[in-house]
Amino acid sequence: MNQQREMFRKPLGVALVLIIGLLSACGGGGGGGAPAPVPAVPPAIAAQPSAVVVADGSSANFNVTATGDAPLAYQWRRDGLDLVDAAGVAGAKSPALTLVAPYGFNASQVSVRVSNAVGSVVSSNALLTVTPLAPAIATQPANVTVIANAPATFSVVISGGTAPVSFQWKRNGTVIAGATNPSYTIPGTVIGDNGASFAVDIHNPAGTMSSTAALLTVMAVGKTWSDAVRINFANDPSNSLPSDPQVVIDSAGNAISVWREILPDPRNAVLARRYAAGGSWSTAAPIDGPIGNAIQPQIAMTPGGTAVATFSQTTAVSGGGNQIIANRFGGAWAVPQRLDGDVVFGRAYGPQVALAPDGATTVVFTLPDTNHRVWAARSDSAGVWSAAMTVGNSPSNSPQVAVAANGQVVMTWLEPAASGRYMSSLWASLSAGTGWSTPVKISADADSVLPIRVAADANGNAIAVWQQNVGNRPTVFATQLDAISKAWSAPFMLNDGTKSAYEPQVAADDNGNTMVVWNEGDAGGASLGVLANRFVAATGTWSGPMAVQPPTAPRGAAPQVAVDAKGNAIAVWRQHVVGNGSRYEVWGAHFSTATGVWAPPVNFMSNAAAYVLTGSGHQPKISANADGGAVVVWFEQADTPLAAGLWARVYR
């Protein structure tokens with residue numbers, strides 16, 4: 001019974017609880033209050049925007065995570081200013097912002113304001129770093145070749161890169177004031193600009209980069225060969241017999257030619273005639289002493305126009321001893337002076353002359369004292385001569401001389417060898433003042449060594465060239481002097497050794513670029529004519545042999561060569577008239593360092609009608625100045641006496 005009573009009580013209690021709960025909800029039972037409202041939640045930043053680093057022009061992405069009662073509104077800002085969606089801006093009012101960032105946005109502070117109905121909050125700043133881009137050089141400056149006085153323009157083309165971009169042009173590595181544009185123009189070029197290099201530095205916030213260098217080649221202003229002019233003495237040409245012409249030219253284009261000619265006296269005299277740049281030739285006049293026969297004229301000239309001619313002259317028209325005479329030109333010819341001082345034998349011969357830029361002069365010659373020996377006489381820049389002195393060993397002969405711009409004199413000569421009747425060797429001595437160094441042997445003993453030629457550059461480096469037999473084949477050899485060590489190189493061959501090579505001649509510019517020419521061929525065999533080999537000082541290499549004459553031309557002989565300040569060369573020679581092996585014409589050709597080739601040869605002969613039957617041209621000589629101006633002289637036989645004599649053409 002007790003269990004029944006307990007079971008009855010439990011459902012009754014549950015029912016009472018339910019009834020009471022319902023009454024409370026309905027406000028019954030004597031009254032109760034409404035529940036308190038839930039408060040709204042303002043925005044808060046759960047994840048701040050992070051700093052971003054991008055390259056100039058790339059997209060920068062920023063994100064924020066915020067909490068708070070919806071709806072949430074977003075407003076992105078850069079440096080405190082609101083952003084709006086536009087080109088380069090996307091998501092300015094969303095949790096994610098994308099900026100296409102130019103370099104001008106670098107170091108910007110990017111933040112976002114988040115708001116809802118009950119408030120707003122601003123994120124911390126996120127640093128935007130924009131790195132600059134270097135430009136690319138789309139087109140490098142190109143080499144430019146112009147005629148002197150014409151403008152020359154160098155330009156560079158770039159692409160991309162962060163602004164601002166600036167330019168600075170340089171010449172040979174030195175800044176050109178005011179040259180700050182993508183292109184640079186020299187309004188009027190001069191020969192001195194030839195060989196200059198031009199490059200540009202390009203600067204922007206990414207740094208500085210440099211273009212490649214472009215080379216400027218300036219060619220002489222429309223230089224052409226003048227008409228031929230007869231320059232020898234105006235007496236009866238059938239009796240004058242001019243010969244041994246020599247010629248020099250100064251930096252302004254003034255020239256002097258000297259030669260031997262029979263005067264009406266009658267006697268052999270040395271005559272001279274001067275060409276005024278852009279004008280005409282003066283009247284020919286003798287420059288030797290009034291008594292005695294003068295022969296073997298030579299002449300040298302400074303860039304400023306001072307010249308010294310030297311020659312051998314007898315003391316009487318018939319017989320007499322030979323003396324070495326010099327005459328100096330300094331606007332006018334001075335009084336001839338004797339140099340050899342030989343009062344016993346009086347047989348001095350074979351003078352050669354070289355001048356330093358200041359006019360100091362060296363004359364070398366052979367004097368048969370107790371035996372043949374080479375001598376030298378020196379003058380200072382004012383033309384005051386010191387006593388001649390012996391230089392070579394005994395016996396010695398055939399001296400040559402060259403002088404460098406620094407004043408060092410190089411003298412070479414031949415000495416017979418004891419090893420054989422026809423054997424000789426080449427010797428040399430140097431002088432930087434009044435004395436001479438101990439002679440040194442610069443070639444081995446060889447068969448038939450001849451002739452010697454020597455040239456020097458501005459610093460005293462020198463080269464000697466000569467002909468000698470290898471077996472029975474004449475061959476062209478050379479040796480080079482190093483100005484610092486004063487040592488000569490071992491002799492080396494300049495031709496390829498397959499043909500006989502004769503009559504080498506050499507010329508060098510102040511930088512040491514050297515041109516050697518010779519003629520080549522075998523008797524009864526193939527002829528190669530005039531050839532050349534060029535030494536390039538910058539690389540220390542030879543670039544030949546190379547042909548100067550076309551392969552179809554008659555073989556040239558007696559070549560001569562001259563160079564300008566940049567190593568451009570002019571060679572002249574005589575060659576047979578086509579179809580007539582007994583007559584000759586004088587021809588010449590130009591070599592350009594810009595192209596590295598010899599131009600087609602030109603005929604220098606004066607008047608084709610005058611030598612169409614038996615006339616010939618002989619003994620061509622050439623001289624060039626630093627600017628590329630030149631003068632060539634030669635002796636011309638002719639069918640008509642009025643055309644016979646010495647002729648000249650000027651290249652200007």
# chains A, B, ... in the order shown; residues from 1 in each chain; ligands from 1
>>> residues_around(residues="range 270-274 of chain A", least_positions_apart="4", cutoff="9 Å", atoms="only C-alpha atoms", output="PDB file with C-alpha atoms, in the first residue's frame")
ATOM      1  CA  ILE A 231     107.648  71.711-110.342  1.00  0.00           C
ATOM      2  CA  ASN A 232     111.255  71.387-111.523  1.00  0.00           C
ATOM      3  CA  PHE A 233     113.505  74.226-112.718  1.00  0.00           C
ATOM      4  CA  ASN A 254     102.382  73.282 -96.566  1.00  0.00           C
ATOM      5  CA  ALA A 255     104.894  71.137 -98.462  1.00  0.00           C
ATOM      6  CA  ILE A 256     108.477  71.313 -99.678  1.00  0.00           C
ATOM      7  CA  SER A 257     110.051  69.233-102.419  1.00  0.00           C
ATOM      8  CA  VAL A 258     113.794  68.990-103.068  1.00  0.00           C
ATOM      9  CA  TRP A 259     115.605  67.279-105.947  1.00  0.00           C
ATOM     10  CA  ARG A 260     118.824  67.188-107.962  1.00  0.00           C
ATOM     11  CA  GLU A 261     118.887  69.028-111.280  1.00  0.00           C
ATOM     12  CA  ILE A 262     121.443  70.249-113.827  1.00  0.00           C
ATOM     13  CA  SER A 280     100.343  77.198-105.394  1.00  0.00           C
ATOM     14  CA  TRP A 281     103.995  76.205-105.689  1.00  0.00           C
ATOM     15  CA  SER A 282     106.689  78.843-105.317  1.00  0.00           C
ATOM     16  CA  THR A 283     109.490  79.354-107.833  1.00  0.00           C
ATOM     17  CA  ALA A 284     112.140  76.631-107.777  1.00  0.00           C
ATOM     18  CA  ALA A 285     115.538  77.813-106.505  1.00  0.00           C
ATOM     19  CA  PRO A 286     118.854  76.170-105.544  1.00  0.00           C
ATOM     20  CA  ILE A 287     119.515  75.707-101.825  1.00  0.00           C
ATOM     21  CA  ASP A 288     123.037  74.246-102.068  1.00  0.00           C
ATOM     22  CA  GLY A 289     126.366  76.080-102.216  1.00  0.00           C
ATOM     23  CA  ASN A 293     127.957  69.303-107.681  1.00  0.00           C
ATOM     24  CA  ALA A 294     125.239  68.508-105.156  1.00  0.00           C
ATOM     25  CA  ILE A 295     123.623  65.066-105.074  1.00  0.00           C
ATOM     26  CA  GLN A 296     121.617  62.711-102.831  1.00  0.00           C
ATOM     27  CA  PRO A 297     119.141  65.272-101.417  1.00  0.00           C
ATOM     28  CA  PHE A 311     122.850  66.488 -99.382  1.00  0.00           C
TER      29      PHE A 311
END
>>> residues_around(residues="Val632 in chain A", least_positions_apart="6", cutoff="12 Å", atoms="only C-alpha atoms", output="PDB file with N, CA and C atoms, in the first residue's frame")
ATOM      1  N   TRP A 225      92.694  64.504-104.965  1.00  0.00           N
ATOM      2  CA  TRP A 225      94.003  64.801-105.536  1.00  0.00           C
ATOM      3  C   TRP A 225      93.897  65.966-106.509  1.00  0.00           C
ATOM      4  N   SER A 226      94.800  66.916-106.377  1.00  0.00           N
ATOM      5  CA  SER A 226      94.838  68.055-107.295  1.00  0.00           C
ATOM      6  C   SER A 226      95.326  67.596-108.661  1.00  0.00           C
ATOM      7  N   ASP A 227      95.210  68.479-109.620  1.00  0.00           N
ATOM      8  CA  ASP A 227      95.833  68.218-110.914  1.00  0.00           C
ATOM      9  C   ASP A 227      97.346  68.178-110.744  1.00  0.00           C
ATOM     10  N   ALA A 228      98.003  67.459-111.613  1.00  0.00           N
ATOM     11  CA  ALA A 228      99.460  67.386-111.570  1.00  0.00           C
ATOM     12  C   ALA A 228     100.074  68.709-112.020  1.00  0.00           C
ATOM     13  N   VAL A 229     101.149  69.110-111.332  1.00  0.00           N
ATOM     14  CA  VAL A 229     101.853  70.352-111.638  1.00  0.00           C
ATOM     15  C   VAL A 229     103.331  70.024-111.816  1.00  0.00           C
ATOM     16  N   ARG A 230     103.935  70.553-112.872  1.00  0.00           N
ATOM     17  CA  ARG A 230     105.367  70.377-113.081  1.00  0.00           C
ATOM     18  C   ARG A 230     106.111  71.366-112.190  1.00  0.00           C
ATOM     19  N   ILE A 231     107.053  70.854-111.367  1.00  0.00           N
ATOM     20  CA  ILE A 231     107.648  71.711-110.342  1.00  0.00           C
ATOM     21  C   ILE A 231     109.149  71.909-110.512  1.00  0.00           C
ATOM     22  N   PRO A 245     113.807  63.012-106.439  1.00  0.00           N
ATOM     23  CA  PRO A 245     112.880  63.916-105.740  1.00  0.00           C
ATOM     24  C   PRO A 245     112.582  63.419-104.327  1.00  0.00           C
ATOM     25  N   GLN A 246     112.399  64.358-103.406  1.00  0.00           N
ATOM     26  CA  GLN A 246     111.977  64.093-102.032  1.00  0.00           C
ATOM     27  C   GLN A 246     110.898  65.112-101.679  1.00  0.00           C
ATOM     28  N   VAL A 247     110.018  64.777-100.740  1.00  0.00           N
ATOM     29  CA  VAL A 247     108.937  65.701-100.403  1.00  0.00           C
ATOM     30  C   VAL A 247     108.527  65.505 -98.945  1.00  0.00           C
ATOM     31  N   VAL A 248     108.110  66.612 -98.296  1.00  0.00           N
ATOM     32  CA  VAL A 248     107.604  66.586 -96.922  1.00  0.00           C
ATOM     33  C   VAL A 248     106.405  67.523 -96.840  1.00  0.00           C
ATOM     34  N   ILE A 249     105.559  67.306 -95.829  1.00  0.00           N
ATOM     35  CA  ILE A 249     104.369  68.145 -95.635  1.00  0.00           C
ATOM     36  C   ILE A 249     104.188  68.389 -94.151  1.00  0.00           C
ATOM     37  N   ALA A 255     103.977  72.200 -98.050  1.00  0.00           N
ATOM     38  CA  ALA A 255     104.894  71.137 -98.462  1.00  0.00           C
ATOM     39  C   ALA A 255     106.145  71.726 -99.078  1.00  0.00           C
ATOM     40  N   ILE A 256     107.223  70.948 -99.022  1.00  0.00           N
ATOM     41  CA  ILE A 256     108.477  71.313 -99.678  1.00  0.00           C
ATOM     42  C   ILE A 256     108.997  70.088-100.413  1.00  0.00           C
ATOM     43  N   SER A 257     109.402  70.292-101.660  1.00  0.00           N
ATOM     44  CA  SER A 257     110.051  69.233-102.419  1.00  0.00           C
ATOM     45  C   SER A 257     111.471  69.677-102.756  1.00  0.00           C
ATOM     46  N   TYR A 275     105.176  74.457-101.496  1.00  0.00           N
ATOM     47  CA  TYR A 275     103.743  74.554-101.773  1.00  0.00           C
ATOM     48  C   TYR A 275     103.056  75.176-100.564  1.00  0.00           C
ATOM     49  N   GLN A 560     106.539  53.313-101.970  1.00  0.00           N
ATOM     50  CA  GLN A 560     106.759  54.239-100.865  1.00  0.00           C
ATOM     51  C   GLN A 560     105.462  54.306-100.065  1.00  0.00           C
ATOM     52  N   VAL A 561     105.534  54.696 -98.773  1.00  0.00           N
ATOM     53  CA  VAL A 561     104.331  54.725 -97.946  1.00  0.00           C
ATOM     54  C   VAL A 561     104.425  55.854 -96.932  1.00  0.00           C
ATOM     55  N   ALA A 562     103.270  56.435 -96.597  1.00  0.00           N
ATOM     56  CA  ALA A 562     103.153  57.463 -95.562  1.00  0.00           C
ATOM     57  C   ALA A 562     101.851  57.218 -94.812  1.00  0.00           C
ATOM     58  N   ILE A 570      98.867  55.948 -97.329  1.00  0.00           N
ATOM     59  CA  ILE A 570      98.892  56.108 -98.780  1.00  0.00           C
ATOM     60  C   ILE A 570     100.185  55.479 -99.275  1.00  0.00           C
ATOM     61  N   ALA A 571     100.068  54.571-100.224  1.00  0.00           N
ATOM     62  CA  ALA A 571     101.237  53.963-100.857  1.00  0.00           C
ATOM     63  C   ALA A 571     101.302  54.407-102.308  1.00  0.00           C
ATOM     64  N   VAL A 572     102.511  54.625-102.820  1.00  0.00           N
ATOM     65  CA  VAL A 572     102.713  54.959-104.230  1.00  0.00           C
ATOM     66  C   VAL A 572     103.787  54.029-104.785  1.00  0.00           C
ATOM     67  N   TRP A 573     103.749  53.785-106.084  1.00  0.00           N
ATOM     68  CA  TRP A 573     104.711  52.897-106.724  1.00  0.00           C
ATOM     69  C   TRP A 573     104.689  53.157-108.229  1.00  0.00           C
ATOM     70  N   VAL A 586     103.052  55.940-112.663  1.00  0.00           N
ATOM     71  CA  VAL A 586     103.052  56.073-111.209  1.00  0.00           C
ATOM     72  C   VAL A 586     101.617  55.932-110.711  1.00  0.00           C
ATOM     73  N   TRP A 587     101.418  55.011-109.782  1.00  0.00           N
ATOM     74  CA  TRP A 587     100.100  54.733-109.220  1.00  0.00           C
ATOM     75  C   TRP A 587     100.152  54.868-107.705  1.00  0.00           C
ATOM     76  N   GLY A 588      98.977  54.984-107.096  1.00  0.00           N
ATOM     77  CA  GLY A 588      98.894  55.060-105.645  1.00  0.00           C
ATOM     78  C   GLY A 588      97.576  54.518-105.149  1.00  0.00           C
ATOM     79  N   ALA A 589      97.518  54.204-103.844  1.00  0.00           N
ATOM     80  CA  ALA A 589      96.291  53.686-103.239  1.00  0.00           C
ATOM     81  C   ALA A 589      96.220  54.124-101.786  1.00  0.00           C
ATOM     82  N   ASN A 603      95.846  56.383-110.982  1.00  0.00           N
ATOM     83  CA  ASN A 603      97.007  56.718-111.810  1.00  0.00           C
ATOM     84  C   ASN A 603      97.359  58.184-111.601  1.00  0.00           C
ATOM     85  N   PHE A 604      98.610  58.483-111.217  1.00  0.00           N
ATOM     86  CA  PHE A 604      99.021  59.853-110.940  1.00  0.00           C
ATOM     87  C   PHE A 604      99.600  60.566-112.165  1.00  0.00           C
ATOM     88  N   MET A 605      99.851  59.880-113.249  1.00  0.00           N
ATOM     89  CA  MET A 605     100.543  60.499-114.374  1.00  0.00           C
ATOM     90  C   MET A 605      99.805  61.728-114.873  1.00  0.00           C
ATOM     91  N   HIS A 618     108.718  57.648-112.803  1.00  0.00           N
ATOM     92  CA  HIS A 618     109.690  56.962-111.969  1.00  0.00           C
ATOM     93  C   HIS A 618     109.843  57.688-110.634  1.00  0.00           C
ATOM     94  N   GLN A 619     110.502  57.037-109.699  1.00  0.00           N
ATOM     95  CA  GLN A 619     110.947  57.611-108.435  1.00  0.00           C
ATOM     96  C   GLN A 619     109.830  58.313-107.647  1.00  0.00           C
ATOM     97  N   PRO A 620     108.686  57.688-107.468  1.00  0.00           N
ATOM     98  CA  PRO A 620     107.633  58.360-106.692  1.00  0.00           C
ATOM     99  C   PRO A 620     108.009  58.464-105.218  1.00  0.00           C
ATOM    100  N   LYS A 621     107.632  59.600-104.596  1.00  0.00           N
ATOM    101  CA  LYS A 621     107.818  59.813-103.160  1.00  0.00           C
ATOM    102  C   LYS A 621     106.519  60.383-102.597  1.00  0.00           C
ATOM    103  N   ILE A 622     106.213  60.050-101.336  1.00  0.00           N
ATOM    104  CA  ILE A 622     104.954  60.454-100.722  1.00  0.00           C
ATOM    105  C   ILE A 622     105.205  60.930 -99.305  1.00  0.00           C
ATOM    106  N   SER A 623     104.456  61.950 -98.872  1.00  0.00           N
ATOM    107  CA  SER A 623     104.491  62.412 -97.486  1.00  0.00           C
ATOM    108  C   SER A 623     103.071  62.755 -97.065  1.00  0.00           C
ATOM    109  N   ALA A 624     102.712  62.436 -95.812  1.00  0.00           N
ATOM    110  CA  ALA A 624     101.374  62.724 -95.295  1.00  0.00           C
ATOM    111  C   ALA A 624     101.493  63.400 -93.943  1.00  0.00           C
ATOM    112  N   LEU A 646     109.866  66.940-113.109  1.00  0.00           N
ATOM    113  CA  LEU A 646     109.271  66.520-111.850  1.00  0.00           C
ATOM    114  C   LEU A 646     107.851  67.041-111.760  1.00  0.00           C
ATOM    115  N   TRP A 647     106.962  66.166-111.294  1.00  0.00           N
ATOM    116  CA  TRP A 647     105.556  66.508-111.186  1.00  0.00           C
ATOM    117  C   TRP A 647     105.072  66.235-109.770  1.00  0.00           C
ATOM    118  N   ALA A 648     104.005  66.912-109.394  1.00  0.00           N
ATOM    119  CA  ALA A 648     103.475  66.767-108.039  1.00  0.00           C
ATOM    120  C   ALA A 648     101.955  66.836-108.066  1.00  0.00           C
ATOM    121  N   ARG A 649     101.352  66.109-107.144  1.00  0.00           N
ATOM    122  CA  ARG A 649      99.917  66.231-106.858  1.00  0.00           C
ATOM    123  C   ARG A 649      99.756  66.388-105.342  1.00  0.00           C
ATOM    124  N   VAL A 650      98.773  67.178-104.949  1.00  0.00           N
ATOM    125  CA  VAL A 650      98.497  67.424-103.534  1.00  0.00           C
ATOM    126  C   VAL A 650      97.136  66.836-103.197  1.00  0.00           C
ATOM    127  N   TYR A 651      97.057  66.150-102.062  1.00  0.00           N
ATOM    128  CA  TYR A 651      95.793  65.578-101.577  1.00  0.00           C
ATOM    129  C   TYR A 651      95.266  66.479-100.468  1.00  0.00           C
ATOM    130  N   ARG A 652      94.156  67.164-100.747  1.00  0.00           N
ATOM    131  CA  ARG A 652      93.639  68.140 -99.782  1.00  0.00           C
ATOM    132  C   ARG A 652      92.122  68.227 -99.864  1.00  0.00           C
TER     133      ARG A 652
END
>>> closest_residue(among="A:Gly579, A:Gly331, A:Pro141, A:Pro164", to="Ser183 in chain A", atoms="only C-alpha atoms")
A:Pro141
>>> residues_around(residues="range 109-117 of chain A", least_positions_apart="5", cutoff="7 Å", atoms="only C-alpha atoms", output="number ranges by chain")
A: 42-43, 69-79, 122-128
>>> write_last_selection(atoms="N, CA and C atoms", output="PDB file, in the first residue's frame")
ATOM      1  N   PRO A  42      29.859  46.345 -31.519  1.00  0.00           N
ATOM      2  CA  PRO A  42      30.558  47.232 -32.467  1.00  0.00           C
ATOM      3  C   PRO A  42      31.657  46.451 -33.207  1.00  0.00           C
ATOM      4  N   PRO A  43      32.224  47.015 -34.355  1.00  0.00           N
ATOM      5  CA  PRO A  43      33.270  46.304 -35.111  1.00  0.00           C
ATOM      6  C   PRO A  43      34.598  46.277 -34.347  1.00  0.00           C
ATOM      7  N   ASP A  69      28.588  43.309 -35.107  1.00  0.00           N
ATOM      8  CA  ASP A  69      27.253  43.089 -35.671  1.00  0.00           C
ATOM      9  C   ASP A  69      27.212  43.508 -37.124  1.00  0.00           C
ATOM     10  N   ALA A  70      26.632  42.656 -37.908  1.00  0.00           N
ATOM     11  CA  ALA A  70      26.421  42.984 -39.317  1.00  0.00           C
ATOM     12  C   ALA A  70      25.308  44.016 -39.442  1.00  0.00           C
ATOM     13  N   PRO A  71      25.332  44.729 -40.549  1.00  0.00           N
ATOM     14  CA  PRO A  71      26.323  44.660 -41.631  1.00  0.00           C
ATOM     15  C   PRO A  71      27.567  45.507 -41.299  1.00  0.00           C
ATOM     16  N   LEU A  72      28.743  45.004 -41.749  1.00  0.00           N
ATOM     17  CA  LEU A  72      29.993  45.733 -41.571  1.00  0.00           C
ATOM     18  C   LEU A  72      30.342  46.467 -42.871  1.00  0.00           C
ATOM     19  N   ALA A  73      30.777  47.706 -42.747  1.00  0.00           N
ATOM     20  CA  ALA A  73      31.192  48.508 -43.918  1.00  0.00           C
ATOM     21  C   ALA A  73      32.708  48.733 -43.835  1.00  0.00           C
ATOM     22  N   TYR A  74      33.409  48.711 -45.033  1.00  0.00           N
ATOM     23  CA  TYR A  74      34.864  48.841 -45.106  1.00  0.00           C
ATOM     24  C   TYR A  74      35.235  50.054 -45.957  1.00  0.00           C
ATOM     25  N   GLN A  75      36.264  50.766 -45.549  1.00  0.00           N
ATOM     26  CA  GLN A  75      36.795  51.870 -46.343  1.00  0.00           C
ATOM     27  C   GLN A  75      38.330  51.874 -46.217  1.00  0.00           C
ATOM     28  N   TRP A  76      38.973  51.474 -47.333  1.00  0.00           N
ATOM     29  CA  TRP A  76      40.435  51.452 -47.321  1.00  0.00           C
ATOM     30  C   TRP A  76      40.976  52.860 -47.561  1.00  0.00           C
ATOM     31  N   ARG A  77      42.162  53.098 -47.000  1.00  0.00           N
ATOM     32  CA  ARG A  77      42.769  54.418 -47.074  1.00  0.00           C
ATOM     33  C   ARG A  77      44.273  54.270 -47.365  1.00  0.00           C
ATOM     34  N   ARG A  78      44.830  55.262 -48.088  1.00  0.00           N
ATOM     35  CA  ARG A  78      46.292  55.346 -48.293  1.00  0.00           C
ATOM     36  C   ARG A  78      46.757  56.686 -47.778  1.00  0.00           C
ATOM     37  N   ASP A  79      47.659  56.620 -46.812  1.00  0.00           N
ATOM     38  CA  ASP A  79      48.173  57.831 -46.165  1.00  0.00           C
ATOM     39  C   ASP A  79      47.038  58.705 -45.649  1.00  0.00           C
ATOM     40  N   VAL A 122      39.568  51.708 -36.857  1.00  0.00           N
ATOM     41  CA  VAL A 122      40.581  51.846 -37.913  1.00  0.00           C
ATOM     42  C   VAL A 122      41.723  50.868 -37.626  1.00  0.00           C
ATOM     43  N   SER A 123      42.125  50.142 -38.660  1.00  0.00           N
ATOM     44  CA  SER A 123      43.213  49.173 -38.509  1.00  0.00           C
ATOM     45  C   SER A 123      44.542  49.897 -38.292  1.00  0.00           C
ATOM     46  N   SER A 124      45.526  49.143 -37.941  1.00  0.00           N
ATOM     47  CA  SER A 124      46.882  49.691 -37.910  1.00  0.00           C
ATOM     48  C   SER A 124      47.372  49.904 -39.343  1.00  0.00           C
ATOM     49  N   ASN A 125      48.412  50.715 -39.502  1.00  0.00           N
ATOM     50  CA  ASN A 125      48.963  50.972 -40.845  1.00  0.00           C
ATOM     51  C   ASN A 125      49.802  49.791 -41.322  1.00  0.00           C
ATOM     52  N   ALA A 126      49.628  49.457 -42.592  1.00  0.00           N
ATOM     53  CA  ALA A 126      50.466  48.443 -43.248  1.00  0.00           C
ATOM     54  C   ALA A 126      51.374  49.167 -44.249  1.00  0.00           C
ATOM     55  N   LEU A 127      52.675  48.969 -44.151  1.00  0.00           N
ATOM     56  CA  LEU A 127      53.634  49.689 -45.005  1.00  0.00           C
ATOM     57  C   LEU A 127      53.657  49.072 -46.410  1.00  0.00           C
ATOM     58  N   LEU A 128      53.456  49.905 -47.401  1.00  0.00           N
ATOM     59  CA  LEU A 128      53.571  49.481 -48.802  1.00  0.00           C
ATOM     60  C   LEU A 128      54.944  49.915 -49.325  1.00  0.00           C
TER      61      LEU A 128
END
>>> atom_distance(atom1="CA of Ser500 in chain A", atom2="CA of Ala478 in chain A")
15.7 Å
>>> closest_residue(among="A:Ile191, A:Leu426, A:Val440, A:Val121", to="Trp466 in chain A", atoms="only C-alpha atoms")
A:Leu426
>>> atom_distance(atom1="CA of Ser424 in chain A", atom2="CA of Asn472 in chain A")
15.2 Å
>>> atom_distance(atom1="CA of Ile158 in chain A", atom2="CA of Ser59 in chain A")
23.8 Å
>>> select_by_dssp(residues="range 209-413 of chain A", states="strand (DSSP E)", output="PyMOL selection string")
chain A and resi 209-210+214-219+229-230+243-249+255-263+267-275+285-286+294-301+307-314+322-329+337-338+349-355+361-368+372-379+389-390+397-403+409-413
>>> residues_around(residues="Met209 in chain A", least_positions_apart="2", cutoff="10 Å", atoms="only C-alpha atoms", output="MDAnalysis selection string")
chainID A and resid 134:137 167 200:204 206:207 211
>>> residues_around(residues="range 351-358 of chain A", least_positions_apart="3", cutoff="6 Å", atoms="only C-alpha atoms", output="count of residues only")
12
>>> decode(residues="range 579-608 of chain A", atoms="C-alpha atoms", output="PDB file, in the first residue's frame")
ATOM      1  CA  GLY A 579     100.689  45.883-122.830  1.00  0.00           C
ATOM      2  CA  ASN A 580     104.044  47.717-122.797  1.00  0.00           C
ATOM      3  CA  GLY A 581     106.782  46.248-120.624  1.00  0.00           C
ATOM      4  CA  SER A 582     109.251  49.057-121.358  1.00  0.00           C
ATOM      5  CA  ARG A 583     107.182  51.936-119.927  1.00  0.00           C
ATOM      6  CA  TYR A 584     105.997  52.781-116.437  1.00  0.00           C
ATOM      7  CA  GLU A 585     103.250  54.780-114.779  1.00  0.00           C
ATOM      8  CA  VAL A 586     103.052  56.073-111.209  1.00  0.00           C
ATOM      9  CA  TRP A 587     100.100  54.733-109.220  1.00  0.00           C
ATOM     10  CA  GLY A 588      98.894  55.060-105.645  1.00  0.00           C
ATOM     11  CA  ALA A 589      96.291  53.686-103.239  1.00  0.00           C
ATOM     12  CA  HIS A 590      94.726  54.637 -99.906  1.00  0.00           C
ATOM     13  CA  PHE A 591      94.348  52.386 -96.846  1.00  0.00           C
ATOM     14  CA  SER A 592      91.569  53.165 -94.332  1.00  0.00           C
ATOM     15  CA  THR A 593      91.688  51.969 -90.740  1.00  0.00           C
ATOM     16  CA  ALA A 594      87.873  52.202 -90.701  1.00  0.00           C
ATOM     17  CA  THR A 595      87.493  49.573 -93.424  1.00  0.00           C
ATOM     18  CA  GLY A 596      90.783  47.735 -93.022  1.00  0.00           C
ATOM     19  CA  VAL A 597      91.269  47.496 -96.792  1.00  0.00           C
ATOM     20  CA  TRP A 598      93.165  49.228 -99.579  1.00  0.00           C
ATOM     21  CA  ALA A 599      91.038  51.282-101.971  1.00  0.00           C
ATOM     22  CA  PRO A 600      91.363  50.757-105.754  1.00  0.00           C
ATOM     23  CA  PRO A 601      94.595  52.355-107.056  1.00  0.00           C
ATOM     24  CA  VAL A 602      94.649  55.621-109.030  1.00  0.00           C
ATOM     25  CA  ASN A 603      97.007  56.718-111.810  1.00  0.00           C
ATOM     26  CA  PHE A 604      99.021  59.853-110.940  1.00  0.00           C
ATOM     27  CA  MET A 605     100.543  60.499-114.374  1.00  0.00           C
ATOM     28  CA  SER A 606     100.049  64.050-115.575  1.00  0.00           C
ATOM     29  CA  ASN A 607      99.133  63.960-119.223  1.00  0.00           C
ATOM     30  CA  ALA A 608      98.410  60.697-121.002  1.00  0.00           C
TER      31      ALA A 608
END
